file run_12.csv (CSV, C-alpha atoms and all ligand atoms)
chain,number,residue,atom,x,y,z
A,1,MET,CA,133.2,166.9,64.4
A,2,THR,CA,131.6,168.3,61.3
A,3,SER,CA,130.3,165.8,58.8
A,4,PRO,CA,132.3,165.5,55.6
A,5,TRP,CA,129.0,164.8,53.7
A,6,THR,CA,126.9,167.4,52.0
A,7,GLN,CA,123.3,166.2,51.3
A,8,ALA,CA,121.4,167.1,48.2
A,9,ARG,CA,118.7,169.7,48.4
A,10,ARG,CA,116.2,167.0,47.7
A,11,ALA,CA,117.3,165.0,50.8
A,12,ALA,CA,116.4,168.0,53.0
A,13,ARG,CA,112.9,167.8,51.7
A,14,MET,CA,112.4,164.1,52.6
A,15,ASN,CA,110.6,163.3,55.8
A,16,PRO,CA,110.0,160.0,57.6
A,17,SER,CA,106.5,158.6,56.9
A,18,ILE,CA,104.4,159.1,59.9
A,19,ILE,CA,102.8,155.8,59.2
A,20,ARG,CA,106.1,154.0,59.4
A,21,GLU,CA,106.8,155.8,62.6
A,22,ILE,CA,103.5,154.8,64.0
A,23,LEU,CA,104.0,151.2,62.8
A,24,LYS,CA,107.1,151.1,65.0
A,25,VAL,CA,104.9,151.9,68.0
A,26,THR,CA,102.2,149.5,67.0
A,27,GLU,CA,104.6,146.6,66.8
A,28,LYS,CA,104.5,146.6,70.6
A,29,PRO,CA,102.7,143.5,71.7
A,30,GLY,CA,99.1,144.0,72.8
A,31,ILE,CA,98.3,147.1,70.7
A,32,LEU,CA,95.2,146.8,68.5
A,33,SER,CA,96.5,148.6,65.5
A,34,MET,CA,94.1,150.3,63.1
A,35,ALA,CA,97.0,152.4,61.8
A,36,GLY,CA,98.8,150.6,59.0
A,37,GLY,CA,96.9,149.4,55.8
A,38,LEU,CA,98.5,146.0,56.1
A,39,PRO,CA,96.4,143.4,54.2
A,40,SER,CA,95.1,140.6,56.3
A,41,ALA,CA,97.8,137.9,56.3
A,42,ASP,CA,94.9,135.4,56.1
A,43,THR,CA,94.4,136.5,52.5
A,44,PHE,CA,97.9,135.6,51.3
A,45,PRO,CA,97.5,132.6,48.9
A,46,VAL,CA,100.4,130.6,50.4
A,47,GLU,CA,99.6,127.3,48.7
A,48,ALA,CA,99.1,128.8,45.3
A,49,LEU,CA,102.4,130.8,45.6
A,50,LYS,CA,104.2,127.7,46.9
A,51,ALA,CA,103.1,125.6,43.9
A,52,ALA,CA,104.0,128.4,41.5
A,53,CYS,CA,107.5,128.9,43.1
A,54,ASP,CA,108.0,125.2,42.6
A,55,LYS,CA,106.9,125.2,39.0
A,56,VAL,CA,109.0,128.2,38.1
A,57,LEU,CA,112.1,126.7,39.7
A,58,SER,CA,111.5,123.3,38.2
A,59,GLU,CA,110.7,124.5,34.7
A,60,ASN,CA,112.4,127.9,34.2
A,61,ALA,CA,115.0,128.3,37.0
A,62,LYS,CA,117.7,129.6,34.7
A,63,GLU,CA,115.6,132.4,33.2
A,64,ALA,CA,113.8,133.2,36.4
A,65,LEU,CA,117.1,133.6,38.4
A,66,GLN,CA,118.9,135.6,35.7
A,67,TYR,CA,118.8,139.4,35.0
A,68,ALA,CA,115.7,140.2,33.0
A,69,SER,CA,114.3,142.9,30.8
A,70,SER,CA,113.5,146.3,32.3
A,71,GLU,CA,110.0,146.4,30.8
A,72,GLY,CA,109.0,143.3,32.8
A,73,PHE,CA,108.1,139.7,32.0
A,74,GLY,CA,106.3,139.7,28.6
A,75,PRO,CA,103.4,137.3,29.5
A,76,LEU,CA,102.7,139.3,32.7
A,77,ARG,CA,102.6,142.6,30.7
A,78,GLU,CA,100.2,140.9,28.3
A,79,TRP,CA,98.1,139.7,31.2
A,80,VAL,CA,97.9,143.3,32.7
A,81,ALA,CA,96.9,144.8,29.3
A,82,ALA,CA,94.1,142.2,29.0
A,83,ARG,CA,93.0,142.6,32.6
A,84,VAL,CA,92.6,146.4,32.5
A,85,LYS,CA,90.1,146.0,29.5
A,86,ALA,CA,87.5,145.3,32.2
A,87,LEU,CA,88.1,148.9,33.4
A,88,GLY,CA,87.4,150.2,29.9
A,89,MET,CA,91.1,150.7,29.0
A,90,GLN,CA,92.4,149.7,25.6
A,91,VAL,CA,96.2,149.4,26.0
A,92,SER,CA,99.0,147.6,24.3
A,93,PRO,CA,101.3,145.4,26.4
A,94,ASP,CA,104.1,147.7,25.1
A,95,GLN,CA,102.6,150.4,27.3
A,96,VAL,CA,102.9,148.3,30.5
A,97,LEU,CA,106.0,148.6,32.7
A,98,ILE,CA,106.2,146.2,35.6
A,99,THR,CA,107.4,148.0,38.7
A,100,SER,CA,108.6,147.1,42.2
A,101,GLY,CA,105.2,147.9,43.8
A,102,SER,CA,103.1,150.8,42.5
A,103,GLN,CA,105.1,152.9,45.0
A,104,GLN,CA,108.0,152.7,42.6
A,105,GLY,CA,105.7,153.8,39.8
A,106,LEU,CA,104.9,157.0,41.8
A,107,ASP,CA,108.7,157.6,42.2
A,108,LEU,CA,109.1,157.2,38.4
A,109,VAL,CA,106.3,159.6,37.8
A,110,GLY,CA,108.1,162.2,40.0
A,111,LYS,CA,111.4,161.6,38.2
A,112,ILE,CA,109.9,162.0,34.7
A,113,LEU,CA,107.2,164.6,35.2
A,114,CYS,CA,108.1,166.8,38.2
A,115,ASP,CA,110.5,169.8,38.1
A,116,ALA,CA,111.5,172.2,40.8
A,117,GLY,CA,108.8,174.8,41.1
A,118,ALA,CA,106.4,173.1,38.6
A,119,PRO,CA,102.8,172.6,40.0
A,120,VAL,CA,101.3,169.2,40.6
A,121,ALA,CA,97.7,169.0,41.7
A,122,VAL,CA,96.6,166.5,44.4
A,123,GLU,CA,93.4,165.7,46.1
A,124,THR,CA,92.5,167.0,49.6
A,125,PRO,CA,93.5,164.9,51.4
A,126,THR,CA,95.7,162.5,49.4
A,127,TYR,CA,97.9,159.4,49.7
A,128,LEU,CA,100.8,160.3,51.9
A,129,GLY,CA,103.2,158.0,50.0
A,130,ALA,CA,102.6,159.9,46.8
A,131,LEU,CA,103.4,163.2,48.5
A,132,GLN,CA,106.6,161.5,49.8
A,133,ALA,CA,107.4,160.1,46.3
A,134,PHE,CA,106.9,163.4,44.5
A,135,THR,CA,108.4,165.8,47.1
A,136,PRO,CA,112.1,165.1,46.4
A,137,TYR,CA,111.5,166.3,42.8
A,138,GLU,CA,110.5,169.7,44.2
A,139,PRO,CA,107.1,170.3,42.7
A,140,ILE,CA,104.7,172.9,44.1
A,141,PHE,CA,101.6,171.0,45.3
A,142,THR,CA,98.2,172.5,44.5
A,143,SER,CA,95.5,171.0,46.8
A,144,LEU,CA,92.3,170.4,44.8
A,145,ALA,CA,89.1,171.3,46.7
A,146,SER,CA,87.4,167.9,47.2
A,147,ASP,CA,84.1,166.6,48.6
A,148,ASP,CA,82.8,163.1,49.5
A,149,GLU,CA,83.3,161.9,45.9
A,150,GLY,CA,86.8,163.3,45.4
A,151,PRO,CA,88.1,166.4,43.7
A,152,LEU,CA,85.7,169.0,42.4
A,153,PRO,CA,85.7,169.4,38.6
A,154,GLU,CA,85.7,173.1,39.0
A,155,ALA,CA,88.9,172.9,41.0
A,156,ILE,CA,90.5,171.2,38.0
A,157,ALA,CA,89.0,173.6,35.5
A,158,LYS,CA,90.7,176.5,37.4
A,159,LEU,CA,94.2,175.0,37.3
A,160,PRO,CA,95.3,176.9,34.2
A,161,HIS,CA,94.5,180.1,36.0
A,162,ASN,CA,95.5,179.1,39.6
A,163,ALA,CA,98.5,176.9,38.8
A,164,PRO,CA,99.6,177.4,35.2
A,165,GLY,CA,101.9,174.7,33.8
A,166,THR,CA,100.4,172.0,36.2
A,167,ARG,CA,102.3,168.9,35.1
A,168,PHE,CA,99.5,166.5,36.2
A,169,ALA,CA,96.7,165.8,38.6
A,170,TYR,CA,97.3,162.8,40.9
A,171,LEU,CA,93.9,161.2,41.4
A,172,LEU,CA,92.6,158.1,43.3
A,173,PRO,CA,89.1,157.3,42.0
A,174,ASN,CA,88.5,154.1,43.9
A,175,TYR,CA,88.2,153.9,47.7
A,176,GLN,CA,90.9,156.5,48.2
A,177,ASN,CA,93.6,156.2,50.7
A,178,PRO,CA,93.0,157.8,53.2
A,179,THR,CA,89.3,158.7,53.0
A,180,GLY,CA,87.8,155.5,51.4
A,181,ARG,CA,85.8,157.7,49.0
A,182,VAL,CA,84.9,156.6,45.5
A,183,MET,CA,84.2,158.8,42.4
A,184,SER,CA,80.8,158.2,40.8
A,185,ALA,CA,80.7,157.7,37.0
A,186,GLU,CA,79.3,161.2,36.7
A,187,ARG,CA,82.1,162.7,38.7
A,188,ARG,CA,84.7,160.8,36.7
A,189,ALA,CA,83.2,162.1,33.4
A,190,GLN,CA,83.2,165.7,34.8
A,191,VAL,CA,86.7,165.5,36.2
A,192,MET,CA,88.2,164.1,33.0
A,193,ALA,CA,86.3,166.6,30.8
A,194,ALA,CA,87.7,169.4,33.0
A,195,ALA,CA,91.2,167.9,32.9
A,196,LYS,CA,91.1,167.6,29.1
A,197,ALA,CA,89.7,171.1,28.6
A,198,ALA,CA,92.4,172.5,31.0
A,199,GLY,CA,95.2,170.5,29.3
A,200,VAL,CA,96.1,168.9,32.6
A,201,PRO,CA,96.9,165.1,32.3
A,202,VAL,CA,96.0,162.7,35.0
A,203,VAL,CA,98.0,160.1,37.0
A,204,GLU,CA,95.4,157.6,38.2
A,205,ASP,CA,96.5,155.4,41.2
A,206,ASN,CA,94.2,152.4,41.7
A,207,PRO,CA,95.5,149.8,44.2
A,208,TYR,CA,92.1,149.3,45.8
A,209,GLY,CA,89.7,149.0,42.8
A,210,ASP,CA,89.2,145.3,43.2
A,211,LEU,CA,88.3,145.6,46.9
A,212,TRP,CA,84.6,146.7,46.5
A,213,TYR,CA,82.0,145.5,48.9
A,214,ASP,CA,78.7,146.7,47.5
A,215,GLU,CA,79.1,147.2,43.7
A,216,ALA,CA,82.0,147.3,41.4
A,217,PRO,CA,83.4,150.8,40.7
A,218,PRO,CA,82.8,152.6,37.4
A,219,ALA,CA,85.3,152.5,34.5
A,220,ALA,CA,88.9,153.8,35.1
A,221,LEU,CA,89.6,157.5,34.5
A,222,GLY,CA,92.1,156.4,31.9
A,223,SER,CA,89.3,155.1,29.8
A,224,LEU,CA,88.0,158.6,29.4
A,225,TRP,CA,91.1,160.3,28.1
A,226,PRO,CA,93.7,157.6,27.2
A,227,GLU,CA,96.3,160.0,25.8
A,228,GLY,CA,96.2,162.2,28.9
A,229,SER,CA,96.4,159.4,31.5
A,230,ILE,CA,99.0,157.3,33.3
A,231,TYR,CA,97.6,154.4,35.3
A,232,LEU,CA,99.2,152.7,38.3
A,233,GLY,CA,98.1,149.2,39.5
A,234,SER,CA,99.3,146.8,42.2
A,235,PHE,CA,99.3,143.1,43.2
A,236,SER,CA,99.8,144.1,46.8
A,237,LYS,CA,96.2,144.2,47.9
A,238,VAL,CA,94.9,141.2,45.9
A,239,LEU,CA,97.8,138.8,46.3
A,240,THR,CA,100.6,139.9,48.6
A,241,PRO,CA,102.6,143.1,49.2
A,242,GLY,CA,105.7,141.0,49.9
A,243,PHE,CA,106.5,140.4,46.3
A,244,ARG,CA,106.6,144.1,45.6
A,245,LEU,CA,104.9,143.9,42.3
A,246,GLY,CA,103.0,146.6,40.6
A,247,PHE,CA,102.7,148.2,37.1
A,248,ILE,CA,102.4,151.5,35.4
A,249,ILE,CA,100.7,152.1,32.1
A,250,THR,CA,101.9,155.1,30.2
A,251,PRO,CA,101.0,156.7,26.8
A,252,PRO,CA,103.4,155.3,24.2
A,253,GLU,CA,105.2,158.7,23.8
A,254,LEU,CA,106.2,158.6,27.5
A,255,TYR,CA,107.2,154.9,27.8
A,256,PRO,CA,110.8,155.2,26.7
A,257,LYS,CA,111.5,157.8,29.4
A,258,PHE,CA,109.8,155.7,32.1
A,259,LEU,CA,111.8,152.7,31.0
A,260,GLN,CA,115.1,154.6,31.3
A,261,ALA,CA,114.1,155.8,34.7
A,262,LYS,CA,113.3,152.2,35.7
A,263,GLN,CA,116.6,151.0,34.4
A,264,ALA,CA,118.4,153.6,36.4
A,265,ALA,CA,116.4,152.8,39.5
A,266,ASP,CA,116.8,149.0,39.7
A,267,LEU,CA,117.4,147.5,36.2
A,268,HIS,CA,114.2,145.5,36.5
A,269,THR,CA,111.6,144.1,38.9
A,270,PRO,CA,112.7,140.7,40.3
A,271,GLY,CA,112.1,138.3,37.4
A,272,PHE,CA,111.4,135.4,39.8
A,273,ASN,CA,108.6,137.3,41.5
A,274,GLN,CA,107.0,138.2,38.2
A,275,ARG,CA,107.1,134.7,36.9
A,276,VAL,CA,105.6,133.3,40.1
A,277,VAL,CA,102.8,135.8,40.1
A,278,TYR,CA,102.1,135.2,36.4
A,279,GLU,CA,101.9,131.5,37.1
A,280,VAL,CA,99.4,132.2,39.8
A,281,VAL,CA,97.2,134.6,38.0
A,282,LYS,CA,97.3,133.3,34.4
A,283,SER,CA,94.4,131.0,34.6
A,284,GLY,CA,91.9,133.2,36.4
A,285,PHE,CA,93.0,132.6,40.0
A,286,LEU,CA,92.1,136.1,41.0
A,287,ASP,CA,88.5,135.6,40.0
A,288,GLN,CA,88.1,133.1,42.8
A,289,HIS,CA,90.5,134.6,45.2
A,290,VAL,CA,89.5,138.3,45.2
A,291,PRO,CA,85.8,137.5,46.2
A,292,LYS,CA,87.1,135.8,49.3
A,293,ILE,CA,89.1,138.9,50.2
A,294,ARG,CA,86.1,141.0,49.6
A,295,ALA,CA,83.9,138.8,51.9
A,296,LEU,CA,86.4,139.0,54.7
A,297,TYR,CA,87.0,142.7,54.5
A,298,LYS,CA,83.3,143.4,54.0
A,299,ALA,CA,82.6,141.7,57.4
A,300,ASN,CA,85.4,143.8,58.9
A,301,ARG,CA,84.0,147.0,57.5
A,302,ASP,CA,80.6,146.2,58.8
A,303,ALA,CA,82.0,145.5,62.3
A,304,MET,CA,83.8,148.8,62.2
A,305,ALA,CA,80.7,150.7,61.0
A,306,GLU,CA,78.7,149.1,63.8
A,307,GLY,CA,81.3,149.8,66.4
A,308,LEU,CA,81.8,153.4,65.4
A,309,ALA,CA,78.0,154.0,65.5
A,310,GLN,CA,77.9,152.5,69.0
A,311,HIS,CA,81.0,153.9,70.6
A,312,LEU,CA,82.0,157.2,69.1
A,313,PRO,CA,80.8,160.3,70.9
A,314,PRO,CA,78.4,162.7,69.2
A,315,GLY,CA,80.0,165.2,66.9
A,316,CYS,CA,82.2,162.6,65.2
A,317,GLU,CA,81.6,162.3,61.4
A,318,TRP,CA,82.3,159.5,59.0
A,319,GLN,CA,81.0,157.7,55.9
A,320,LYS,CA,80.8,154.0,55.5
A,321,PRO,CA,83.3,153.2,52.7
A,322,GLN,CA,82.0,151.2,49.8
A,323,GLY,CA,85.4,149.5,49.3
A,324,GLY,CA,89.1,149.6,50.2
A,325,MET,CA,90.6,149.5,53.6
A,326,PHE,CA,89.8,152.7,55.5
A,327,PHE,CA,87.3,154.7,57.5
A,328,TRP,CA,88.1,158.4,57.7
A,329,ILE,CA,86.8,160.0,60.9
A,330,ARG,CA,86.4,163.7,61.6
A,331,LEU,CA,86.5,164.4,65.3
A,332,PRO,CA,84.3,167.0,67.2
A,333,SER,CA,85.6,170.5,67.4
A,334,GLY,CA,88.2,170.9,70.1
A,335,LEU,CA,89.9,167.5,69.5
A,336,ASP,CA,93.3,167.1,67.8
A,337,ALA,CA,94.0,163.6,66.5
A,338,MET,CA,97.8,163.9,66.7
A,339,ALA,CA,97.6,165.1,70.3
A,340,LEU,CA,95.4,162.1,71.1
A,341,LEU,CA,97.6,159.4,69.6
A,342,ASP,CA,99.9,158.9,72.6
A,343,LYS,CA,96.8,158.5,74.9
A,344,ALA,CA,95.3,156.1,72.4
A,345,VAL,CA,98.5,154.0,72.3
A,346,ASP,CA,98.6,153.9,76.1
A,347,ALA,CA,95.0,152.7,76.0
A,348,GLY,CA,96.0,149.9,73.6
A,349,ILE,CA,95.0,151.1,70.1
A,350,ALA,CA,96.6,153.0,67.2
A,351,PHE,CA,95.3,155.0,64.3
A,352,VAL,CA,96.9,157.4,61.8
A,353,PRO,CA,96.3,161.1,62.5
A,354,GLY,CA,94.9,162.6,59.3
A,355,ALA,CA,97.1,165.7,59.1
A,356,ALA,CA,99.9,163.8,57.3
A,357,PHE,CA,97.7,163.3,54.3
A,358,TYR,CA,97.3,167.0,53.4
A,359,ALA,CA,99.7,168.8,51.0
A,360,HIS,CA,98.4,172.1,52.6
A,361,ALA,CA,96.2,173.1,55.6
A,362,PRO,CA,96.1,169.8,57.4
A,363,ASP,CA,92.9,169.1,59.2
A,364,PRO,CA,93.9,168.2,62.8
A,365,ARG,CA,90.5,166.8,63.5
A,366,SER,CA,90.8,163.9,61.0
A,367,LEU,CA,92.1,160.4,61.5
A,368,ARG,CA,92.3,157.2,59.5
A,369,LEU,CA,91.3,153.8,60.7
A,370,SER,CA,92.2,150.6,58.8
A,371,PHE,CA,89.7,147.7,59.1
A,372,VAL,CA,91.7,145.0,57.2
A,373,THR,CA,94.3,143.9,59.7
A,374,LEU,CA,92.3,143.0,62.8
A,375,THR,CA,89.4,140.5,63.2
A,376,PRO,CA,85.8,141.8,63.6
A,377,SER,CA,85.9,141.2,67.4
A,378,GLN,CA,89.3,143.0,67.7
A,379,ILE,CA,87.8,145.9,65.6
A,380,SER,CA,84.8,146.1,68.0
A,381,GLU,CA,87.2,146.2,71.0
A,382,GLY,CA,89.5,148.7,69.3
A,383,VAL,CA,86.7,151.1,68.4
A,384,ALA,CA,85.3,150.9,71.9
A,385,ILE,CA,88.7,151.9,73.3
A,386,LEU,CA,88.8,154.7,70.7
A,387,GLY,CA,85.4,155.9,71.9
A,388,ARG,CA,86.6,155.9,75.5
A,389,VAL,CA,89.7,157.9,74.6
A,390,LEU,CA,87.7,160.5,72.7
A,391,ARG,CA,85.0,160.8,75.4
A,392,GLU,CA,87.7,161.3,78.1
A,393,ALA,CA,89.4,164.0,75.9
A,394,LEU,CA,86.1,165.7,75.4
A,395,ASN,CA,85.3,165.6,79.1
A,396,SER,CA,88.7,166.8,80.2
A,397,GLY,CA,88.5,169.6,77.6
A,398,GLU,CA,92.3,169.7,77.7
A,399,GLU,CA,93.0,169.3,73.9
A,400,PRO,CA,93.7,172.6,72.1
A,401,THR,CA,90.8,173.9,70.0
A,402,PRO,CA,92.0,174.4,66.5
A,501,LIG,C1,97.1,154.8,47.2
A,501,LIG,C2,98.3,153.9,47.2
A,501,LIG,N1,99.1,153.9,46.2
A,501,LIG,C3,100.2,153.2,46.1
A,501,LIG,C4,100.5,152.3,47.2
A,501,LIG,C5,101.7,151.5,47.1
A,501,LIG,O1,101.4,150.2,47.0
A,501,LIG,P1,102.4,149.1,46.5
A,501,LIG,O2,103.8,149.7,46.3
A,501,LIG,O3,102.4,148.0,47.5
A,501,LIG,O4,101.9,148.6,45.2
A,501,LIG,C6,99.6,152.3,48.3
A,501,LIG,C7,100.0,151.4,49.4
A,501,LIG,O5,99.3,151.3,50.4
A,501,LIG,C8,98.5,153.1,48.3
A,501,LIG,O6,97.6,153.1,49.3
call {"tool": "encode", "arguments": {"input": "run_12.csv", "output": "structure tokens", "more": "lines below"}}
Ligand SMILES: Cc1ncc(COP(=O)(O)O)c(C=O)c1O
result
Amino acid sequence: MTSPWTQARRAARMNPSIIREILKVTEKPGILSMAGGLPSADTFPVEALKAACDKVLSENAKEALQYASSEGFGPLREWVAARVKALGMQVSPDQVLITSGSQQGLDLVGKILCDAGAPVAVETPTYLGALQAFTPYEPIFTSLASDDEGPLPEAIAKLPHNAPGTRFAYLLPNYQNPTGRVMSAERRAQVMAAAKAAGVPVVEDNPYGDLWYDEAPPAALGSLWPEGSIYLGSFSKVLTPGFRLGFIITPPELYPKFLQAKQAADLHTPGFNQRVVYEVVKSGFLDQHVPKIRALYKANRDAMAEGLAQHLPPGCEWQKPQGGMFFWIRLPSGLDAMALLDKAVDAGIAFVPGAAFYAHAPDPRSLRLSFVTLTPSQISEGVAILGRVLREALNSGEEPTP
């Protein structure tokens, strides 16, 4: 029987996230998954959240359980505006919109700024979830040539020529997902100068900025060109992703449109969650909590760096990330990460093939490994298995050479 439903054009453009598909496989017991970027559950501040839930329900139950304002809980917006000062940003709480995760912020960006056929510039590679969020709004992606520090300033400078009318460049300066790379202060200055000269505003996505293991990252891109910047932040990596709490900071002229889009999407972010999180963070909790997360993840990162050096066959390339959650591996010529995934899962490990993170010309030799979900000994075991899978594939020579 033919379906009575006709889907919108944008629905045809939507694809399942490969990460979600892989997570289904990795939920099988016994798999050591380095695929999903799931924060370690040991970092969730259960006691602090419990006490805050109790306090909110004892003292403000009626307000917390009622519909609330679309902008977000006022004291939390003020807290956000004060917190981003440390990143060199001077913003008013009126520019802060609390979102249901920063992922919703990305969707709102797509809704307000993308049009069918209008160019949007992205890093090479870039965050898969942003490609997913923007794609239904039918932009044409321009992949910015990038190196170990992120996008090249000259690639941004060329946008008016190569992709006139580019709506924005979507950039991840801190411990990028998927590569783990960080932009130096010098690169930030060059990139933002090029963006300003080209008249291309920047959407800065920064969920990982607090997760640095060696030294804190330089100031936010938004500090370098405030009128030309939108900033996205998240509580997912420093508290819990389960509350789905993030924020977007927009220039004042754009705020009313983002607010309307937010209202249409879900009226407001759950008020209870916002009050609970505010209760937790208002007196400096993150200043004690985040260093504990850093210490845990740093040990994991070091275990993975050691394991990779020990077990991966010659010809594999990677950098030790200075923060965030991921190693980005380039396999030797002749190997295809996607083709190896089934073998890897059969052998007891999972990773994300890198191809999904490219808007164009996917690199089949790349893969992403997360080091935050497993323990250091599981990481060592997992990386040893990965090494075996890669050596077998190299020895059998059966993978197609790209
Ligand atoms: C780069 C990046 N942006 C945004 C998100 C979405 O985060 P959340 O919606 O949990 O704030 C993620 C999640 O992993 C991410 O890696």
call {"tool": "residues_around", "arguments": {"input": "run_12.csv", "residues": "A:Pro75", "least_positions_apart": "2", "cutoff": "9 Å", "atoms": "all atoms listed in the file", "output": "ChimeraX atom specification"}}
result
/A:72-73,77-80,93,275,278,282
call {"tool": "atom_distance", "arguments": {"input": "run_12.csv", "atom1": "atom CA of A:Met304", "atom2": "atom C3 of ligand LIG 501 (chain A)"}}
result
23.4 Å
call {"tool": "closest_atom_pairs", "arguments": {"input": "run_12.csv", "of": "chain A", "to": "ligand LIG 501 (chain A)", "cutoff": "7 Å", "atoms": "only C-alpha atoms and all ligand atoms", "output": "CSV"}}
result
residue,atom,partner,partner_atom,distance
A:Gly37,CA,A:LIG501,O5,6.2
A:Ser100,CA,A:LIG501,O2,6.8
A:Gly101,CA,A:LIG501,O2,3.4
A:Ser102,CA,A:LIG501,O4,3.7
A:Gln103,CA,A:LIG501,O2,3.7
A:Gln104,CA,A:LIG501,O2,6.4
A:Tyr127,CA,A:LIG501,C1,5.3
A:Gly129,CA,A:LIG501,C3,6.9
A:Ala130,CA,A:LIG501,N1,7.0
A:Leu172,CA,A:LIG501,C1,6.8
A:Gln176,CA,A:LIG501,C1,6.5
A:Asn177,CA,A:LIG501,C1,5.1
A:Asp205,CA,A:LIG501,N1,5.8
A:Asn206,CA,A:LIG501,C1,6.7
A:Pro207,CA,A:LIG501,C2,5.8
A:Gly233,CA,A:LIG501,O4,6.9
A:Ser234,CA,A:LIG501,O4,4.4
A:Phe235,CA,A:LIG501,O4,6.4
A:Ser236,CA,A:LIG501,O3,4.7
A:Pro241,CA,A:LIG501,O3,5.2
A:Arg244,CA,A:LIG501,O3,6.0
A:Leu245,CA,A:LIG501,O4,6.3
A:Gly246,CA,A:LIG501,O4,5.1
call {"tool": "closest_atom_pairs", "arguments": {"input": "run_12.csv", "of": "stretch 265-384 of chain A", "to": "stretch 112-126 of chain A", "cutoff": "10 Å", "atoms": "all atoms listed in the file", "output": "tab-separated table"}}
result
residue	atom	partner	partner_atom	distance
A:Gly354	CA	A:Pro125	CA	8.3
A:Ala355	CA	A:Pro125	CA	8.5
A:Ala356	CA	A:Pro125	CA	8.8
A:Phe357	CA	A:Pro125	CA	5.3
A:Tyr358	CA	A:Pro125	CA	4.8
A:Ala359	CA	A:Pro125	CA	7.3
A:His360	CA	A:Thr124	CA	8.4
A:Ala361	CA	A:Thr124	CA	9.3
A:Pro362	CA	A:Pro125	CA	8.2
A:Asp363	CA	A:Pro125	CA	8.9
call {"tool": "closest_residue", "arguments": {"input": "run_12.csv", "among": "A:Val281, A:Val84, A:Leu369, A:Val383", "to": "A:Thr179", "atoms": "only C-alpha atoms"}}
result
A:Leu369
call {"tool": "closest_residue", "arguments": {"input": "run_12.csv", "among": "A:Gln7, A:Thr99, A:Ser146, A:Gln90", "to": "A:Ala261", "atoms": "all atoms listed in the file"}}
result
A:Thr99
call {"tool": "atom_distance", "arguments": {"input": "run_12.csv", "atom1": "atom CA of A:Leu87", "atom2": "atom CA of A:Ser69"}}
result
27.0 Å
call {"tool": "closest_residue", "arguments": {"input": "run_12.csv", "among": "A:Lys111, A:Arg181, A:His311, A:Lys196", "to": "A:Pro139", "atoms": "only C-alpha atoms"}}
result
A:Lys111
call {"tool": "atom_distance", "arguments": {"input": "run_12.csv", "atom1": "atom CA of A:Ile385", "atom2": "atom CA of A:Gln310"}}
result
11.6 Å
call {"tool": "residues_around", "arguments": {"input": "run_12.csv", "residues": "A:Asn162", "least_positions_apart": "2", "cutoff": "12 Å", "atoms": "all atoms listed in the file", "output": "ChimeraX atom specification"}}
result
/A:119-121,140-144,154-160,164-166,198
call {"tool": "residues_around", "arguments": {"input": "run_12.csv", "residues": "A:Ala299", "least_positions_apart": "5", "cutoff": "10 Å", "atoms": "all atoms listed in the file", "output": "PyMOL selection string"}}
result
chain A and resi 213+294+304-305+371-372+375-376
call {"tool": "write_last_selection", "arguments": {"input": "run_12.csv", "atoms": "C-alpha atoms", "output": "compact mmCIF listing (two decimals), in the frame of the given file"}}
result
# COMPACT_ATOMS: atom_id res chain seq x y z
CA TYR A 213 82.00 145.50 48.90
CA ARG A 294 86.10 141.00 49.60
CA MET A 304 83.80 148.80 62.20
CA ALA A 305 80.70 150.70 61.00
CA PHE A 371 89.70 147.70 59.10
CA VAL A 372 91.70 145.00 57.20
CA THR A 375 89.40 140.50 63.20
CA PRO A 376 85.80 141.80 63.60
call {"tool": "closest_residue", "arguments": {"input": "run_12.csv", "among": "A:Pro364, A:Pro173, A:Pro256, A:Gly324", "to": "A:Leu211", "atoms": "all atoms listed in the file"}}
result
A:Gly324
call {"tool": "residues_near_point", "arguments": {"input": "run_12.csv", "point": "(94.5, 160.8, 26.0)", "cutoff": "10 Å", "atoms": "all atoms listed in the file", "output": "list in words"}}
result
Met192, Lys196, Pro201, Val202, Gly222, Ser223, Leu224, Trp225, Pro226, Glu227, Gly228, Ser229, Ile230 and Pro251 of chain A
call {"tool": "closest_residue", "arguments": {"input": "run_12.csv", "among": "A:Arg388, A:Lys257, A:Lys50, A:Lys28", "to": "A:Glu279", "atoms": "all atoms listed in the file"}}
result
A:Lys50
call {"tool": "residues_around", "arguments": {"input": "run_12.csv", "residues": "A:Pro39", "least_positions_apart": "6", "cutoff": "10 Å", "atoms": "only C-alpha atoms", "output": "list in words"}}
result
Ser236, Lys237, Val238, Leu239, Thr240, Pro241, Ile293, Tyr297, Met325, Ser370, Phe371, Val372, Thr373 and Leu374 of chain A
call {"tool": "residues_around", "arguments": {"input": "run_12.csv", "residues": "A:Phe272", "least_positions_apart": "2", "cutoff": "9 Å", "atoms": "all atoms listed in the file", "output": "PyMOL selection string"}}
result
chain A and resi 53+56-57+61+63-66+269-270+274-277
call {"tool": "residues_near_point", "arguments": {"input": "run_12.csv", "point": "(98.7, 154.1, 66.4)", "cutoff": "12 Å", "atoms": "all atoms listed in the file", "output": "PyMOL selection string"}}
result
chain A and resi 18-28+30-37+337-354+367-370+382+386
call {"tool": "closest_residue", "arguments": {"input": "run_12.csv", "among": "A:Ser17, A:Gln260, A:Ser92, A:Asn395", "to": "A:Ala133", "atoms": "only C-alpha atoms"}}
result
A:Ser17
